[in-house]
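Enquirer: Input: one structure, supplied below.
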Amino acid sequence: MTDKIAYTRQDDIAVLRIQNPPVNALSQAVRQGLWGAMDRAEADEGVRAVLIVGEGRAFIAGADITEFGKPPMEPYLPVLCTRIEASPLLVVASMHGVSLGGGLEIALSAHYRIAQPSARVGLPEVHLGLIPGAGGTQRLPRLAGVEKSLDMITSGRQVKAAEALDMGVVDRVSEGDPEAVGLAFTRDLLAEGAKPRPVSELPAAPAIDWDATYDAVLKKGRGQISPAKAVRAVQAASELPFAEGMAKERNLFMELMETDQRQGMIHAFFSERAVGNLPELKGVAPRELKAIGVIGGGTMGAGIATAALLSGFDVVLIEMKAEAAEAAHGRISGNLSGALKRGKISQEKFDTLTQRALTVSTDYDALKDVDLVVEAVFENMDVKKEVFGKLDAVCKPGCILASNTSYLDVDEIAASTARPADVIGLHFFSPAHIMKLLEVVVAEKTAPDVVATGFALGKALGKISVRAGVCDGFIGNRILATYRTAADHMVLDGATPYQIDKALVDFGFAMGPFAVADLAGLDIGWMTRKRKAPHRHPAERVPTYIDHLCEEGHFGQKTGEGYYLYEAGKRAGVPNPKIAELVAAEQASLGITPRPFTDEEIVRRYMCAMVNEAAKVVGEGIARRPLDVDMTLLFGYGFPRYWGGPMKWADIVGLDTVLADIEHYASEDAWFWQPAPLLKTLVAEGRTFDDLNKDAAK
Ligand code: 3H9
């Protein structure tokens, strides 16, 4: 036994209490401790049953993820589960908090299960690029049937106790101390003469059309393989004797353990948790936030107001004119009625939020009591400075003044106020009440507690907040500008926007760059190109074909025409034949002979452009760590989670080959493909981006 399991006796019941904070992950010491405690209970005179409970906030959150990628250590979890299930004693699991992955698999190996009403169970292994590897795919279908099990395993979703009871996954739901209710249940079972009831001995679930299900799951996963492999494991549960099904599950699990996707997804898991962990925030208390001001009630301002209302803040929104204020109120109510329809809020809550928590005004004086204001007005420095001047005059001392600008200089905005230490950039992504990313843009004079407050606000709003320094486009839009340019260059050289979009969707992006541009509005890029035109380097290649479309008033989806043509009310478009004509004309004027591109080359150039710019962003300190870039791209730009982010992708494919490709592309266009100094240094030192993440965590 180890000190991870406390063993006590309650009459004829042995209680095994798992003590491995914070979430009772099944480390080697816990597995060994459970094994030893089972041995002890079976040898303990008079013991008739075993009750397994978890200490602290969860029953068990699953296998210890930090052990993945290292040599497996005995006792292996599937063997432990078999050993628990085979016990001659009656084994009961009492679940509270979460029972996830291996945690649920331990519970499924017990003979009976009781759960708190607030408990949640799930098999989230697919989110780590894996499948359940300790009998989850074999035991769950024997209790819940194939369809419900496949839904749970391929989605990784957590199921509340009531649903778990319906599914037959738990036998009783009861409120109270987990040990006390577990003991009461075990005593009832003993009194009834209940015998051990191994799930493995229940009949196998009937077959379904496995191949069709496999194909459907593969398609839905957009290239993610683990959910589809889970279908094969559940198929084994239906077709093979239990022990053979377990062997099949183990093989699939070990196969997935070796994949890049497993590495990418586990990187995403830990980075998501590390991203808000900055040394500069240690011990710095955030300012108190109750009321939030929002300037501007367009799509962005209304989205920010909605997010703040849904998270319990009072909101004061300022618009310039009465009609605009009314329209803003309508937009916010529309967003909130979406939440009402999806069952996220009640009608009563909807009424409170729209009538009492929200104030829409045309008078800046309404902001005098707010704790933080986010400005979301037109992207123009003079307009912003005027707004910040007014805010500086009316907002109380200590109120934080934030700009939602996506590229303007936050230092310059801060300098236009008498309180630069209280000024920060809070860059939301549209629609702000849905998108998870928040860039917290720290200007030169921003005070540490203002940064801490930015992160605290992000947390309260359920966002993934990333610290960014000041530069044109901060982390995300700066990198986007570069990989978008790489895509534009490929169009000029002979690839079509449609081939590029498809190649990148096949790589795993939610959408290709040209479909995204149509969705966001082509006028945004057009304005940016005009803004940047005077500062262009003579060697810069800037395609102009799309400007002609903009000049005719075609801005993508919202006008029905862009790279694609859209039928009214439809989101998917068909290629716009004008694009081919415009591109051909530009190629002719530049003397370019179009050449074919393979999908592989498209992805490679796009990714190399992304990684190279990202390495510059990290090298310049705009992003503190490579993982900050990864989380920005994952949560704001539809980057496929199973690659972990562009920096993780580069580590996986090898920084030396990425650099070699960039140097090769530089032989065609030395200005665009200047290799990032940081990338060169890492390659020379034989180090990776992840080494930098680890250095930062020390
Ligand atoms: C599995 O079980 C495979 C088996 O089928 C087969 C094996 C053969 N291991 O998220 P939080 C850490 S695969 C190690 O901030 P919350 C986490 O890193 C596993 N560490 O709290 C963090 O550390 P730090 C299937 C873990 O309340 C701290 O705990 N299970 C693990 O927001 C607190 O976490 C899963 O995929 C772990 N398993 O959420 C569950 N879990 O403080 C993954 C957490 O140093 N975990 N940590 O940053 C979760 O979904 C959430 O962490 C949980 C708590 C819901 C549990």
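Residue numbering restarts at 1 for every chain of the structure tokens, chains are lettered A, B, ... in their displayed order, and ligands are numbered from 1 as they appear.
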At a cut-off of 7 Å and counting only C-alpha atoms and all ligand atoms, what residues surround ligand 1? Please answer as a PyMOL selection string.

Expert: chain A and resi 22-23+25+61-66+76-78+98+100-103+105+123-125+127-128+131-134+136+270+273-274

Enquirer: Take the residues just selected and output them with C-alpha atoms as a CSV table (one decimal), in the first residue's frame.

Expert:
chain,number,residue,atom,x,y,z
A,22,PRO,CA,-5.9,18.2,-6.5
A,23,VAL,CA,-8.1,15.8,-8.5
A,25,ALA,CA,-5.4,11.4,-10.7
A,61,ALA,CA,-10.2,12.7,-12.7
A,62,GLY,CA,-8.6,9.8,-14.6
A,63,ALA,CA,-5.2,8.5,-15.4
A,64,ASP,CA,-2.3,10.8,-14.5
A,65,ILE,CA,-1.7,12.6,-17.7
A,66,THR,CA,1.8,13.6,-16.7
A,76,TYR,CA,-1.3,-1.1,-15.2
A,77,LEU,CA,-4.8,0.5,-14.9
A,78,PRO,CA,-6.7,-2.1,-17.0
A,98,VAL,CA,-16.0,14.4,-11.5
A,100,LEU,CA,-13.5,10.9,-15.7
A,101,GLY,CA,-11.6,8.5,-17.9
A,102,GLY,CA,-9.8,6.0,-15.7
A,103,GLY,CA,-11.8,7.4,-12.8
A,105,GLU,CA,-13.3,3.0,-15.5
A,123,LEU,CA,-14.8,9.3,-20.8
A,124,PRO,CA,-12.9,12.4,-22.2
A,125,GLU,CA,-9.9,10.5,-23.6
A,127,HIS,CA,-9.9,15.2,-26.1
A,128,LEU,CA,-6.4,13.9,-25.3
A,131,ILE,CA,-9.6,6.3,-26.3
A,132,PRO,CA,-10.5,4.9,-22.9
A,133,GLY,CA,-7.8,2.3,-22.1
A,134,ALA,CA,-8.9,0.5,-19.0
A,136,GLY,CA,-14.3,2.0,-20.6
A,270,PHE,CA,-1.6,21.8,-20.3
A,273,ARG,CA,-4.0,25.8,-18.0
A,274,ALA,CA,-0.6,27.4,-18.2

Enquirer: Near Pro21 (chain A), within 10 Å and counting only C-alpha atoms, which residues show up once chain neighbours fewer than 2 positions away are dropped, as a ChimeraX atom specification?

Expert: /A:4,18-19,23-25,54-58,60

Enquirer: Please measure the separation of CA of Ile5 (chain A) and CA of Gly33 (chain A), giving the value in Å to one decimal.

Expert: 5.6 Å

Enquirer: Mind checking which residues fall within 9 Å of Ile292 (chain A), counting only C-alpha atoms, ignoring those fewer than 2 positions away in the same chain, and posting them as JSON, numbers by chain?

Expert: {"A": [289, 290, 294, 305, 308, 313, 314, 315, 316, 317, 367, 370, 371, 372, 373, 374]}

Enquirer: Give me a file of those residues, with N, CA and C atoms, as a compact mmCIF listing (two decimals), in the first residue's frame.

Expert:
# COMPACT_ATOMS: atom_id res chain seq x y z
N LEU A 289 -14.24 44.16 -9.67
CA LEU A 289 -15.08 44.51 -10.82
C LEU A 289 -16.53 44.16 -10.53
N LYS A 290 -17.40 45.17 -10.64
CA LYS A 290 -18.84 44.89 -10.51
C LYS A 290 -19.57 45.38 -11.75
N VAL A 294 -19.24 49.84 -21.68
CA VAL A 294 -18.86 49.47 -23.05
C VAL A 294 -19.16 50.68 -23.93
N ALA A 305 -20.84 43.36 -24.26
CA ALA A 305 -21.87 43.64 -23.24
C ALA A 305 -22.61 42.34 -22.90
N ALA A 308 -20.50 40.12 -20.71
CA ALA A 308 -20.40 40.65 -19.34
C ALA A 308 -21.70 40.41 -18.58
N PHE A 313 -22.10 40.71 -14.50
CA PHE A 313 -21.73 42.12 -14.32
C PHE A 313 -22.90 43.02 -14.69
N ASP A 314 -22.96 44.19 -14.03
CA ASP A 314 -23.86 45.24 -14.53
C ASP A 314 -23.15 45.89 -15.70
N VAL A 315 -23.91 46.31 -16.70
CA VAL A 315 -23.28 46.89 -17.89
C VAL A 315 -23.91 48.24 -18.23
N VAL A 316 -23.05 49.21 -18.50
CA VAL A 316 -23.51 50.51 -19.01
C VAL A 316 -22.93 50.66 -20.41
N LEU A 317 -23.80 50.72 -21.41
CA LEU A 317 -23.31 50.84 -22.78
C LEU A 317 -23.61 52.23 -23.32
N LEU A 367 -21.27 56.62 -16.92
CA LEU A 367 -20.13 55.71 -16.65
C LEU A 367 -19.42 56.03 -15.33
N VAL A 370 -18.68 52.95 -13.02
CA VAL A 370 -18.20 51.64 -13.52
C VAL A 370 -16.74 51.42 -13.10
N ASP A 371 -16.35 50.14 -13.05
CA ASP A 371 -15.00 49.78 -12.60
C ASP A 371 -14.04 49.58 -13.76
N LEU A 372 -14.58 49.32 -14.93
CA LEU A 372 -13.74 49.09 -16.11
C LEU A 372 -14.58 49.43 -17.34
N VAL A 373 -13.97 50.10 -18.30
CA VAL A 373 -14.69 50.41 -19.55
C VAL A 373 -13.94 49.78 -20.71
N VAL A 374 -14.69 49.15 -21.62
CA VAL A 374 -14.07 48.65 -22.85
C VAL A 374 -14.59 49.49 -24.00

Enquirer: Which neighbours of Ile52 (chain A) fall inside 9 Å, counting only C-alpha atoms, when residues of the same chain fewer than 6 positions from it are skipped, and could you give them as a PDB file with C-alpha atoms, in the first residue's frame?

Expert:
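Saved the output as selection-v7.pdb:
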ATOM      1  CA  ALA A  14     -13.502  -1.531   4.230  1.00  0.00           C
ATOM      2  CA  VAL A  15     -13.350   2.093   3.093  1.00  0.00           C
ATOM      3  CA  LEU A  16     -10.627   2.938   0.551  1.00  0.00           C
ATOM      4  CA  ARG A  17     -10.192   6.713   0.441  1.00  0.00           C
ATOM      5  CA  ILE A  18      -8.114   8.055  -2.437  1.00  0.00           C
ATOM      6  CA  PHE A  59     -13.801  11.035  -7.095  1.00  0.00           C
ATOM      7  CA  VAL A  91     -17.203  -3.488  -4.327  1.00  0.00           C
ATOM      8  CA  VAL A  92     -19.058  -0.158  -4.352  1.00  0.00           C
ATOM      9  CA  ALA A  93     -17.891   3.201  -5.737  1.00  0.00           C
ATOM     10  CA  SER A  94     -19.307   6.427  -4.290  1.00  0.00           C
ATOM     11  CA  MET A  95     -18.775   9.234  -6.765  1.00  0.00           C
ATOM     12  CA  ALA A 107     -16.100   2.900 -10.918  1.00  0.00           C
ATOM     13  CA  ALA A 110     -16.878  -1.813  -8.992  1.00  0.00           C
ATOM     14  CA  GLU A 179     -18.599   8.205   2.364  1.00  0.00           C
ATOM     15  CA  GLY A 182     -21.787   5.137   0.102  1.00  0.00           C
TER      16      GLY A 182
END

Enquirer: Name all residues at most 12 Å from region 669-674 of chain A (count only C-alpha atoms; drop same-chain ones fewer than 4 positions away) and give them as a VMD selection string.

Expert: chain A and resid 481 to 483 485 to 486 489 536 to 542 605 to 606 608 to 613 615 to 616 658 to 665 678 to 680

Enquirer: Rank A:Asn251, A:Gln10, A:Ser226, A:Ser589 by their smallest atom-to-atom distance to Leu130 (chain A), using only C-alpha atoms, and report the top residue only.

Expert: A:Ser226

Enquirer: Pick from A:Arg624, A:Lys384, A:Lys368, A:His267: nearest to Val466 (chain A), with only C-alpha atoms counted?

Expert: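 Checking each of A:Arg624, A:Lys384, A:Lys368, A:His267 against Val466 (chain A), counting only C-alpha atoms, the winner is A:Arg624.
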
Enquirer: Using only C-alpha atoms, which residues sit within 8 Å of Gly389 (chain A) once same-chain residues fewer than 4 positions away are excluded, as a list of chain:residue names?

Expert: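 So, after excluding close chain neighbours, the residues are A:Lys385, A:Ala393, A:Ser416, A:Thr417.
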
Enquirer: How would the residues just chosen look if you wrote them out with C-alpha atoms as a PDB file, in the first residue's frame?

Expert:
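Done, and the output landed in part-v1.pdb:
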ATOM      1  CA  LYS A 385      -8.239  59.393 -28.481  1.00  0.00           C
ATOM      2  CA  ALA A 393     -12.813  62.982 -17.554  1.00  0.00           C
ATOM      3  CA  SER A 416      -3.473  60.518 -24.493  1.00  0.00           C
ATOM      4  CA  THR A 417      -4.924  60.075 -20.974  1.00  0.00           C
TER       5      THR A 417
END

Enquirer: May I have the residues within 9 Å of Ile413 (chain A) as a list in words, using only C-alpha atoms and disregarding those fewer than 4 positions away in the same chain?

Expert: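 Residues near the query, excluding close chain neighbours: Met381, Lys384, Lys385, Phe388, Ser403, Leu408, Asp409, Thr417, Pro420 and Val423 of chain A.
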
Enquirer: Go ahead and save the picked residues with C-alpha atoms, as an mmCIF file, in the first residue's frame.

Expert:
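Contents of again-v2.cif, as written:
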data_model
loop_
_atom_site.group_PDB
_atom_site.id
_atom_site.type_symbol
_atom_site.label_atom_id
_atom_site.label_comp_id
_atom_site.auth_asym_id
_atom_site.auth_seq_id
_atom_site.Cartn_x
_atom_site.Cartn_y
_atom_site.Cartn_z
ATOM 1 C CA MET A 381 -6.642 56.668 -33.648
ATOM 2 C CA LYS A 384 -10.140 56.481 -30.016
ATOM 3 C CA LYS A 385 -8.239 59.393 -28.481
ATOM 4 C CA PHE A 388 -10.410 58.087 -24.117
ATOM 5 C CA SER A 403 -9.453 49.452 -25.752
ATOM 6 C CA LEU A 408 -3.736 50.324 -33.015
ATOM 7 C CA ASP A 409 -0.920 51.394 -30.692
ATOM 8 C CA THR A 417 -4.924 60.075 -20.974
ATOM 9 C CA PRO A 420 -1.656 55.591 -18.614
ATOM 10 C CA VAL A 423 -4.980 51.748 -19.686
#

Enquirer: List every residue of region 443-505 of chain A that has an atom at most 9 Å from any atom of region 425-434 of chain A, and for each one report the closest atom pair and its distance in Å to one decimal, counting only C-alpha atoms, with rows sorted by chain and then by increasing residue number, as a Markdown table.

Expert:
| residue | atom | partner | partner_atom | distance |
| --- | --- | --- | --- | --- |
| A:Ala443 | CA | A:Gly425 | CA | 7.6 |
| A:Gly454 | CA | A:Leu426 | CA | 7.2 |
| A:Leu461 | CA | A:His433 | CA | 8.5 |
| A:Ala468 | CA | A:Gly425 | CA | 9.0 |
| A:Val470 | CA | A:Gly425 | CA | 8.8 |

Enquirer: Report the distance between CA of Asp188 (chain A) and CA of Leu89 (chain A) in Å, rounded to one decimal place.

Expert: 14.9 Å

Enquirer: Just checking: using only C-alpha atoms, which residue out of A:Pro397, A:Pro178, A:Pro198, A:Gly296 ends up closest to Leu51 (chain A)?

Expert: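 Closest to Leu51 (chain A) of all the choices is A:Pro178.
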
Enquirer: Mind the document's chain letters and residue numbers, and return as a short mmCIF file (atom, residue, chain, number, x, y, z; two decimals) with N, CA and C atoms, in the first residue's frame the residues of region 489-607 of chain A that DSSP labels helix (DSSP H, G or I).

Expert:
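Output file out.cif is given in full below:
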data_model
loop_
_atom_site.label_atom_id
_atom_site.label_comp_id
_atom_site.auth_asym_id
_atom_site.auth_seq_id
_atom_site.Cartn_x
_atom_site.Cartn_y
_atom_site.Cartn_z
N HIS A 489 0.06 34.96 -52.07
CA HIS A 489 1.17 34.73 -53.00
C HIS A 489 0.95 33.44 -53.80
N MET A 490 0.45 32.42 -53.11
CA MET A 490 0.21 31.14 -53.81
C MET A 490 -0.86 31.32 -54.89
N VAL A 491 -1.85 32.18 -54.61
CA VAL A 491 -2.88 32.43 -55.64
C VAL A 491 -2.24 33.10 -56.85
N LEU A 492 -1.40 34.08 -56.59
CA LEU A 492 -0.73 34.77 -57.71
C LEU A 492 0.13 33.79 -58.51
N ASP A 493 0.69 32.80 -57.82
CA ASP A 493 1.62 31.88 -58.50
C ASP A 493 0.92 30.69 -59.13
N PRO A 497 -7.90 29.93 -54.83
CA PRO A 497 -8.35 30.09 -53.43
C PRO A 497 -9.10 28.85 -52.94
N TYR A 498 -9.78 28.17 -53.88
CA TYR A 498 -10.62 27.03 -53.50
C TYR A 498 -9.76 25.81 -53.17
N GLN A 499 -8.67 25.64 -53.93
CA GLN A 499 -7.76 24.54 -53.61
C GLN A 499 -7.09 24.81 -52.26
N ILE A 500 -6.73 26.07 -52.04
CA ILE A 500 -6.06 26.42 -50.78
C ILE A 500 -7.02 26.20 -49.60
N ASP A 501 -8.26 26.69 -49.74
CA ASP A 501 -9.24 26.49 -48.66
C ASP A 501 -9.42 25.01 -48.37
N LYS A 502 -9.54 24.21 -49.43
CA LYS A 502 -9.80 22.78 -49.23
C LYS A 502 -8.59 22.10 -48.57
N ALA A 503 -7.39 22.45 -49.03
CA ALA A 503 -6.18 21.82 -48.46
C ALA A 503 -6.09 22.13 -46.97
N LEU A 504 -6.47 23.35 -46.58
CA LEU A 504 -6.34 23.72 -45.18
C LEU A 504 -7.47 23.14 -44.32
N VAL A 505 -8.63 22.99 -44.91
CA VAL A 505 -9.72 22.31 -44.19
C VAL A 505 -9.33 20.83 -44.01
N ASP A 506 -8.75 20.24 -45.03
CA ASP A 506 -8.29 18.84 -44.90
C ASP A 506 -7.20 18.72 -43.84
N PHE A 507 -6.39 19.76 -43.70
CA PHE A 507 -5.35 19.78 -42.65
C PHE A 507 -5.99 19.83 -41.27
N PRO A 513 -8.70 30.17 -45.46
CA PRO A 513 -8.53 31.61 -45.29
C PRO A 513 -9.43 32.46 -46.18
N PHE A 514 -9.77 31.94 -47.37
CA PHE A 514 -10.58 32.77 -48.28
C PHE A 514 -12.06 32.73 -47.86
N ALA A 515 -12.52 31.58 -47.38
CA ALA A 515 -13.88 31.51 -46.84
C ALA A 515 -13.98 32.38 -45.59
N VAL A 516 -12.92 32.40 -44.78
CA VAL A 516 -12.92 33.25 -43.58
C VAL A 516 -12.99 34.72 -43.98
N ALA A 517 -12.22 35.09 -45.00
CA ALA A 517 -12.20 36.49 -45.44
C ALA A 517 -13.60 36.92 -45.89
N ASP A 518 -14.27 36.03 -46.62
CA ASP A 518 -15.65 36.33 -47.05
C ASP A 518 -16.57 36.52 -45.86
N LEU A 519 -16.36 35.69 -44.83
CA LEU A 519 -17.22 35.75 -43.65
C LEU A 519 -16.96 37.03 -42.87
N ALA A 520 -15.68 37.36 -42.67
CA ALA A 520 -15.32 38.55 -41.88
C ALA A 520 -15.66 39.84 -42.63
N LEU A 522 -14.67 41.47 -46.78
CA LEU A 522 -13.45 41.79 -47.53
C LEU A 522 -13.03 43.24 -47.33
N ASP A 523 -13.96 44.07 -46.85
CA ASP A 523 -13.62 45.48 -46.64
C ASP A 523 -12.57 45.64 -45.54
N ILE A 524 -12.52 44.66 -44.60
CA ILE A 524 -11.53 44.78 -43.51
C ILE A 524 -10.11 44.71 -44.09
N GLY A 525 -9.85 43.68 -44.91
CA GLY A 525 -8.54 43.52 -45.51
C GLY A 525 -8.22 44.68 -46.46
N TRP A 526 -9.23 45.14 -47.15
CA TRP A 526 -9.07 46.25 -48.11
C TRP A 526 -8.59 47.50 -47.37
N MET A 527 -9.27 47.79 -46.23
CA MET A 527 -8.88 48.95 -45.43
C MET A 527 -7.45 48.79 -44.91
N THR A 528 -7.13 47.58 -44.44
CA THR A 528 -5.78 47.34 -43.91
C THR A 528 -4.74 47.56 -45.00
N ARG A 529 -5.04 47.06 -46.22
CA ARG A 529 -4.05 47.23 -47.30
C ARG A 529 -3.85 48.72 -47.61
N LYS A 530 -4.94 49.47 -47.57
CA LYS A 530 -4.82 50.91 -47.85
C LYS A 530 -4.00 51.59 -46.74
N ARG A 531 -4.29 51.16 -45.49
CA ARG A 531 -3.57 51.76 -44.35
C ARG A 531 -2.07 51.48 -44.44
N LYS A 532 -1.74 50.25 -44.89
CA LYS A 532 -0.33 49.86 -44.90
C LYS A 532 0.39 50.34 -46.15
N ALA A 533 -0.35 50.72 -47.19
CA ALA A 533 0.26 51.02 -48.50
C ALA A 533 1.44 52.01 -48.41
N PRO A 534 1.27 53.12 -47.65
CA PRO A 534 2.39 54.08 -47.65
C PRO A 534 3.66 53.54 -46.99
N HIS A 535 3.49 52.47 -46.17
CA HIS A 535 4.67 51.98 -45.42
C HIS A 535 5.27 50.73 -46.06
N TYR A 545 -5.73 41.90 -56.97
CA TYR A 545 -6.92 41.45 -57.71
C TYR A 545 -8.19 41.58 -56.89
N ILE A 546 -8.09 41.33 -55.57
CA ILE A 546 -9.31 41.33 -54.77
C ILE A 546 -9.80 42.77 -54.52
N ASP A 547 -8.87 43.75 -54.61
CA ASP A 547 -9.28 45.15 -54.43
C ASP A 547 -10.31 45.55 -55.49
N HIS A 548 -10.15 44.98 -56.71
CA HIS A 548 -11.09 45.34 -57.78
C HIS A 548 -12.51 44.90 -57.42
N LEU A 549 -12.60 43.74 -56.78
CA LEU A 549 -13.92 43.26 -56.36
C LEU A 549 -14.51 44.21 -55.30
N CYS A 550 -13.65 44.63 -54.37
CA CYS A 550 -14.09 45.55 -53.31
C CYS A 550 -14.53 46.88 -53.91
N GLU A 551 -13.78 47.34 -54.90
CA GLU A 551 -14.14 48.62 -55.53
C GLU A 551 -15.55 48.57 -56.12
N GLN A 557 -19.62 37.53 -47.83
CA GLN A 557 -20.95 36.99 -47.51
C GLN A 557 -22.03 38.06 -47.35
N LYS A 558 -21.66 39.16 -46.69
CA LYS A 558 -22.69 40.16 -46.37
C LYS A 558 -23.26 40.83 -47.62
N THR A 559 -22.51 40.80 -48.74
CA THR A 559 -23.05 41.38 -49.98
C THR A 559 -23.39 40.28 -50.99
N PRO A 577 -16.64 33.05 -60.44
CA PRO A 577 -15.81 32.99 -61.65
C PRO A 577 -15.01 34.27 -61.91
N LYS A 578 -15.48 35.40 -61.34
CA LYS A 578 -14.75 36.65 -61.54
C LYS A 578 -13.33 36.59 -60.95
N ILE A 579 -13.18 35.80 -59.88
CA ILE A 579 -11.87 35.74 -59.22
C ILE A 579 -10.82 35.20 -60.19
N ALA A 580 -11.15 34.12 -60.88
CA ALA A 580 -10.18 33.53 -61.82
C ALA A 580 -9.79 34.56 -62.88
N GLU A 581 -10.78 35.34 -63.34
CA GLU A 581 -10.47 36.35 -64.37
C GLU A 581 -9.54 37.43 -63.80
N LEU A 582 -9.89 37.90 -62.59
CA LEU A 582 -9.07 38.97 -61.99
C LEU A 582 -7.65 38.49 -61.72
N VAL A 583 -7.53 37.25 -61.23
CA VAL A 583 -6.20 36.70 -60.93
C VAL A 583 -5.41 36.56 -62.24
N ALA A 584 -6.07 36.04 -63.29
CA ALA A 584 -5.37 35.84 -64.57
C ALA A 584 -4.87 37.19 -65.10
N ALA A 585 -5.68 38.23 -64.96
CA ALA A 585 -5.27 39.56 -65.44
C ALA A 585 -4.05 40.05 -64.67
N GLU A 586 -4.07 39.82 -63.36
CA GLU A 586 -2.92 40.29 -62.55
C GLU A 586 -1.66 39.49 -62.88
N GLN A 587 -1.83 38.17 -63.05
CA GLN A 587 -0.67 37.34 -63.41
C GLN A 587 -0.08 37.84 -64.73
N ALA A 588 -0.97 38.12 -65.70
CA ALA A 588 -0.49 38.57 -67.01
C ALA A 588 0.27 39.89 -66.87
N SER A 589 -0.28 40.81 -66.05
CA SER A 589 0.38 42.12 -65.94
C SER A 589 1.72 42.00 -65.22
N LEU A 590 1.85 40.98 -64.36
CA LEU A 590 3.12 40.81 -63.63
C LEU A 590 4.08 39.86 -64.35
N ASP A 599 -1.46 19.91 -52.63
CA ASP A 599 -2.06 20.30 -51.34
C ASP A 599 -0.98 20.33 -50.25
N GLU A 600 -0.04 19.41 -50.37
CA GLU A 600 1.02 19.31 -49.36
C GLU A 600 1.87 20.60 -49.35
N GLU A 601 2.20 21.08 -50.54
CA GLU A 601 3.01 22.31 -50.61
C GLU A 601 2.22 23.51 -50.06
N ILE A 602 0.91 23.52 -50.36
CA ILE A 602 0.07 24.62 -49.85
C ILE A 602 0.12 24.66 -48.33
N VAL A 603 -0.10 23.50 -47.71
CA VAL A 603 -0.11 23.44 -46.25
C VAL A 603 1.26 23.83 -45.71
N ARG A 604 2.30 23.34 -46.35
CA ARG A 604 3.65 23.58 -45.86
C ARG A 604 4.01 25.08 -45.88
N ARG A 605 3.69 25.72 -47.00
CA ARG A 605 4.02 27.15 -47.10
C ARG A 605 3.20 27.97 -46.09
N TYR A 606 1.93 27.63 -46.00
CA TYR A 606 1.03 28.34 -45.07
C TYR A 606 1.54 28.19 -43.63
N MET A 607 1.88 26.95 -43.27
CA MET A 607 2.32 26.69 -41.90
C MET A 607 3.70 27.30 -41.63
#

Enquirer: Between A:Gly573, A:Ile106, A:Gly46, A:Asp449, which has the minimum distance to Glu288 (chain A) (counting only C-alpha atoms)?

Expert: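 Checking each candidate against Glu288 (chain A), we get A:Asp449 as the closest.
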
Enquirer: In terms of the shortest atom-to-atom distance over only C-alpha atoms, which of A:Ala237, A:Ile225, A:Ala161, A:Leu437 is closest to Val173 (chain A)?

Expert: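 Result for the nearest residue to Val173 (chain A): A:Ala161.
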
Enquirer: Can you check which residues of region 357-568 of chain A DSSP gives as strand (DSSP E or B) on the backbone and send them as a ChimeraX atom specification?

Expert: /A:358-361,372-375,400-403,423-428,437-441,464-468,556,561,564-565

Enquirer: Could you save the residues just selected, with C-alpha atoms, as a PDB file, in the first residue's frame?

Expert:
ATOM      1  CA  LEU A 358     -28.181  46.705 -18.631  1.00  0.00           C
ATOM      2  CA  THR A 359     -28.221  50.480 -19.049  1.00  0.00           C
ATOM      3  CA  VAL A 360     -27.911  51.936 -22.527  1.00  0.00           C
ATOM      4  CA  SER A 361     -27.258  55.655 -22.658  1.00  0.00           C
ATOM      5  CA  LEU A 372     -13.739  49.091 -16.114  1.00  0.00           C
ATOM      6  CA  VAL A 373     -14.691  50.413 -19.549  1.00  0.00           C
ATOM      7  CA  VAL A 374     -14.067  48.647 -22.847  1.00  0.00           C
ATOM      8  CA  GLU A 375     -14.043  50.903 -25.863  1.00  0.00           C
ATOM      9  CA  ILE A 400      -9.606  50.730 -15.879  1.00  0.00           C
ATOM     10  CA  LEU A 401      -9.803  52.106 -19.405  1.00  0.00           C
ATOM     11  CA  ALA A 402      -9.540  49.333 -21.980  1.00  0.00           C
ATOM     12  CA  SER A 403      -9.453  49.452 -25.752  1.00  0.00           C
ATOM     13  CA  VAL A 423      -4.980  51.748 -19.686  1.00  0.00           C
ATOM     14  CA  ILE A 424      -4.878  48.302 -21.274  1.00  0.00           C
ATOM     15  CA  GLY A 425      -5.915  46.560 -24.486  1.00  0.00           C
ATOM     16  CA  LEU A 426      -8.634  43.923 -24.199  1.00  0.00           C
ATOM     17  CA  HIS A 427      -8.930  42.457 -27.661  1.00  0.00           C
ATOM     18  CA  PHE A 428     -12.091  40.373 -27.966  1.00  0.00           C
ATOM     19  CA  LEU A 437     -10.069  34.119 -26.980  1.00  0.00           C
ATOM     20  CA  LEU A 438      -9.157  37.360 -25.218  1.00  0.00           C
ATOM     21  CA  GLU A 439      -5.833  39.077 -25.941  1.00  0.00           C
ATOM     22  CA  VAL A 440      -4.772  41.079 -22.896  1.00  0.00           C
ATOM     23  CA  VAL A 441      -2.568  43.727 -24.472  1.00  0.00           C
ATOM     24  CA  ILE A 464      -8.864  31.889 -22.552  1.00  0.00           C
ATOM     25  CA  SER A 465      -6.785  35.016 -21.926  1.00  0.00           C
ATOM     26  CA  VAL A 466      -3.384  35.448 -23.552  1.00  0.00           C
ATOM     27  CA  ARG A 467      -0.888  38.153 -22.637  1.00  0.00           C
ATOM     28  CA  ALA A 468       0.257  40.155 -25.662  1.00  0.00           C
ATOM     29  CA  GLY A 556     -18.023  38.696 -49.199  1.00  0.00           C
ATOM     30  CA  GLU A 561     -20.286  38.031 -53.484  1.00  0.00           C
ATOM     31  CA  TYR A 564     -17.417  32.739 -53.373  1.00  0.00           C
ATOM     32  CA  LEU A 565     -20.950  33.532 -54.527  1.00  0.00           C
TER      33      LEU A 565
END
